[in-house]
$ cat work19.cif   # mmCIF, C-alpha atoms
data_protein
loop_
_atom_site.group_PDB
_atom_site.id
_atom_site.type_symbol
_atom_site.label_atom_id
_atom_site.label_comp_id
_atom_site.auth_asym_id
_atom_site.auth_seq_id
_atom_site.Cartn_x
_atom_site.Cartn_y
_atom_site.Cartn_z
ATOM 1 C CA MET A 1 13.799 -17.472 -12.613
ATOM 2 C CA VAL A 2 12.072 -16.224 -9.446
ATOM 3 C CA ALA A 3 11.493 -18.656 -6.612
ATOM 4 C CA PRO A 4 7.808 -19.203 -5.854
ATOM 5 C CA VAL A 5 6.463 -17.507 -2.747
ATOM 6 C CA SER A 6 4.523 -19.623 -0.317
ATOM 7 C CA PRO A 7 1.624 -18.092 1.638
ATOM 8 C CA THR A 8 3.647 -18.423 4.842
ATOM 9 C CA ARG A 9 6.691 -16.558 3.500
ATOM 10 C CA THR A 10 7.205 -13.167 5.152
ATOM 11 C CA SER A 11 7.601 -9.846 3.369
ATOM 12 C CA ALA A 12 11.295 -9.717 4.266
ATOM 13 C CA THR A 13 11.946 -13.125 2.700
ATOM 14 C CA ALA A 14 9.856 -12.259 -0.348
ATOM 15 C CA ALA A 15 11.763 -9.017 -0.842
ATOM 16 C CA VAL A 16 15.010 -10.999 -1.096
ATOM 17 C CA ALA A 17 13.534 -13.158 -3.886
ATOM 18 C CA ASN A 18 12.581 -10.146 -6.027
ATOM 19 C CA PRO A 19 13.017 -6.750 -4.351
ATOM 20 C CA LYS A 20 11.635 -4.750 -7.298
ATOM 21 C CA MET A 21 8.362 -6.676 -7.323
ATOM 22 C CA MET A 22 8.048 -6.406 -3.545
ATOM 23 C CA LYS A 23 8.671 -2.646 -3.726
ATOM 24 C CA SER A 24 5.931 -2.313 -6.339
ATOM 25 C CA ALA A 25 3.549 -4.380 -4.225
ATOM 26 C CA LYS A 26 4.223 -2.201 -1.162
ATOM 27 C CA GLU A 27 3.703 0.971 -3.189
ATOM 28 C CA PHE A 28 0.391 -0.438 -4.423
ATOM 29 C CA GLU A 29 -0.658 -1.153 -0.834
ATOM 30 C CA SER A 30 0.297 2.373 0.230
ATOM 31 C CA VAL A 31 -1.771 3.932 -2.576
ATOM 32 C CA PHE A 32 -4.703 1.644 -1.755
ATOM 33 C CA LEU A 33 -4.535 2.620 1.915
ATOM 34 C CA GLU A 34 -4.288 6.302 1.002
ATOM 35 C CA GLN A 35 -7.470 6.039 -1.073
ATOM 36 C CA SER A 36 -9.256 4.146 1.716
ATOM 37 C CA PHE A 37 -8.189 6.620 4.409
ATOM 38 C CA GLY A 38 -9.152 9.509 2.140
ATOM 39 C CA HIS A 39 -12.709 8.223 2.000
ATOM 40 C CA MET A 40 -12.772 7.888 5.789
ATOM 41 C CA PHE A 41 -11.823 11.541 6.274
ATOM 42 C CA ALA A 42 -13.836 12.977 3.374
ATOM 43 C CA GLY A 43 -16.925 13.805 5.427
ATOM 44 C CA LEU A 44 -15.185 15.703 8.235
ATOM 45 C CA SER A 45 -16.269 19.264 8.856
ATOM 46 C CA GLY A 46 -16.002 21.748 11.682
ATOM 47 C CA GLU A 47 -13.170 23.415 13.586
ATOM 48 C CA GLY A 48 -9.500 22.493 13.500
ATOM 49 C CA PRO A 49 -7.025 21.535 10.798
ATOM 50 C CA LEU A 50 -8.960 18.448 9.679
ATOM 51 C CA GLY A 51 -12.348 20.068 9.792
ATOM 52 C CA THR A 52 -11.652 23.400 8.150
ATOM 53 C CA ASN A 53 -13.326 23.936 4.839
ATOM 54 C CA GLY A 54 -11.489 25.236 1.804
ATOM 55 C CA ALA A 55 -8.176 24.637 0.092
ATOM 56 C CA GLY A 56 -6.099 24.802 3.292
ATOM 57 C CA GLY A 57 -8.128 22.122 5.035
ATOM 58 C CA ASP A 58 -8.192 19.907 1.955
ATOM 59 C CA THR A 59 -4.427 20.189 1.511
ATOM 60 C CA TRP A 60 -3.741 19.466 5.169
ATOM 61 C CA ARG A 61 -6.140 16.516 5.179
ATOM 62 C CA GLY A 62 -4.560 15.104 2.010
ATOM 63 C CA MET A 63 -1.057 15.262 3.467
ATOM 64 C CA LEU A 64 -2.188 13.694 6.747
ATOM 65 C CA VAL A 65 -3.986 10.868 4.948
ATOM 66 C CA GLN A 66 -0.912 10.233 2.802
ATOM 67 C CA GLU A 67 1.304 10.058 5.901
ATOM 68 C CA TYR A 68 -1.123 7.714 7.667
ATOM 69 C CA ALA A 69 -1.044 5.384 4.656
ATOM 70 C CA ARG A 70 2.765 5.423 4.527
ATOM 71 C CA SER A 71 3.016 4.746 8.261
ATOM 72 C CA VAL A 72 0.638 1.791 8.144
ATOM 73 C CA SER A 73 2.396 0.389 5.079
ATOM 74 C CA LYS A 74 5.864 0.730 6.660
ATOM 75 C CA ALA A 75 4.631 -0.900 9.862
ATOM 76 C CA GLY A 76 3.724 -4.056 7.962
ATOM 77 C CA GLY A 77 0.591 -2.976 6.179
ATOM 78 C CA VAL A 78 -2.620 -4.931 6.122
ATOM 79 C CA GLY A 79 -1.448 -7.866 3.998
ATOM 80 C CA ILE A 80 -2.226 -6.465 0.574
ATOM 81 C CA ALA A 81 1.438 -6.145 -0.449
ATOM 82 C CA ASP A 82 2.133 -9.825 0.231
ATOM 83 C CA ALA A 83 -0.940 -10.913 -1.739
ATOM 84 C CA VAL A 84 -0.055 -8.631 -4.658
ATOM 85 C CA TYR A 85 3.537 -9.898 -4.612
ATOM 86 C CA ARG A 86 2.414 -13.530 -4.717
ATOM 87 C CA GLU A 87 0.106 -12.757 -7.639
ATOM 88 C CA LEU A 88 2.896 -10.963 -9.535
ATOM 89 C CA VAL A 89 5.199 -13.948 -9.035
ATOM 90 C CA ARG A 90 2.445 -16.343 -10.144
ATOM 91 C CA LEU A 91 1.814 -14.289 -13.301
ATOM 92 C CA GLN A 92 5.523 -14.107 -14.070
ATOM 93 C CA GLU A 93 5.911 -17.852 -13.648
ATOM 94 C CA SER A 94 2.902 -18.613 -15.863
ATOM 95 C CA LYS A 95 4.368 -16.367 -18.590
ATOM 96 C CA ALA A 96 7.720 -18.113 -18.308
ATOM 97 C CA HIS A 97 6.112 -21.556 -18.640
ATOM 98 C CA GLY A 98 3.380 -20.619 -21.098
#

$ encode --input "work19.cif" --output "structure tokens"
Amino acid sequence: MVAPVSPTRTSATAAVANPKMMKSAKEFESVFLEQSFGHMFAGLSGEGPLGTNGAGGDTWRGMLVQEYARSVSKAGGVGIADAVYRELVRLQESKAHG
């Protein structure tokens, strides 16, 4: 059985309780951030690697957005991973008791 996660528990402590669930929650946060950052950069146009039009600019922008999302997630994220982890634990516990 997985120990419940309190709202004050840190990501590091939560990862010890169930590292697979925490990894999934962090991956979810990274994908969410990538989608959010992608929308922020979608309207750029003009000179330079982020503003060039065409396949080259789109590819470069996509890779940069993906790296930004990974960096933010690795640096602690924005709190989504912890919330997702707590919800996964809550759902697992309700299935175990239900």

$ residues_around --input "work19.cif" --residues "segment 66-81 of chain A" --least-positions-apart "4" --cutoff "10 Å" --atoms "all atoms listed in the file" --output "JSON, numbers by chain"
{"A": [11, 21, 22, 23, 24, 25, 26, 27, 28, 29, 30, 31, 32, 33, 34, 35, 36, 37, 38, 60, 61, 62, 85, 86, 87]}

$ write_last_selection --input "work19.cif" --atoms "C-alpha atoms" --output "PDB file, keeping the file's coordinate frame"
ATOM      1  CA  SER A  11       7.601  -9.846   3.369  1.00  0.00           C
ATOM      2  CA  MET A  21       8.362  -6.676  -7.323  1.00  0.00           C
ATOM      3  CA  MET A  22       8.048  -6.406  -3.545  1.00  0.00           C
ATOM      4  CA  LYS A  23       8.671  -2.646  -3.726  1.00  0.00           C
ATOM      5  CA  SER A  24       5.931  -2.313  -6.339  1.00  0.00           C
ATOM      6  CA  ALA A  25       3.549  -4.380  -4.225  1.00  0.00           C
ATOM      7  CA  LYS A  26       4.223  -2.201  -1.162  1.00  0.00           C
ATOM      8  CA  GLU A  27       3.703   0.971  -3.189  1.00  0.00           C
ATOM      9  CA  PHE A  28       0.391  -0.438  -4.423  1.00  0.00           C
ATOM     10  CA  GLU A  29      -0.658  -1.153  -0.834  1.00  0.00           C
ATOM     11  CA  SER A  30       0.297   2.373   0.230  1.00  0.00           C
ATOM     12  CA  VAL A  31      -1.771   3.932  -2.576  1.00  0.00           C
ATOM     13  CA  PHE A  32      -4.703   1.644  -1.755  1.00  0.00           C
ATOM     14  CA  LEU A  33      -4.535   2.620   1.915  1.00  0.00           C
ATOM     15  CA  GLU A  34      -4.288   6.302   1.002  1.00  0.00           C
ATOM     16  CA  GLN A  35      -7.470   6.039  -1.073  1.00  0.00           C
ATOM     17  CA  SER A  36      -9.256   4.146   1.716  1.00  0.00           C
ATOM     18  CA  PHE A  37      -8.189   6.620   4.409  1.00  0.00           C
ATOM     19  CA  GLY A  38      -9.152   9.509   2.140  1.00  0.00           C
ATOM     20  CA  TRP A  60      -3.741  19.466   5.169  1.00  0.00           C
ATOM     21  CA  ARG A  61      -6.140  16.516   5.179  1.00  0.00           C
ATOM     22  CA  GLY A  62      -4.560  15.104   2.010  1.00  0.00           C
ATOM     23  CA  TYR A  85       3.537  -9.898  -4.612  1.00  0.00           C
ATOM     24  CA  ARG A  86       2.414 -13.530  -4.717  1.00  0.00           C
ATOM     25  CA  GLU A  87       0.106 -12.757  -7.639  1.00  0.00           C
TER      26      GLU A  87
END

$ atom_distance --input "work19.cif" --atom1 "atom CA of His97 of chain A" --atom2 "atom CA of Asp82 of chain A"
22.6 Å

$ atom_distance --input "work19.cif" --atom1 "atom CA of Leu44 of chain A" --atom2 "atom CA of Gly57 of chain A"
10.1 Å
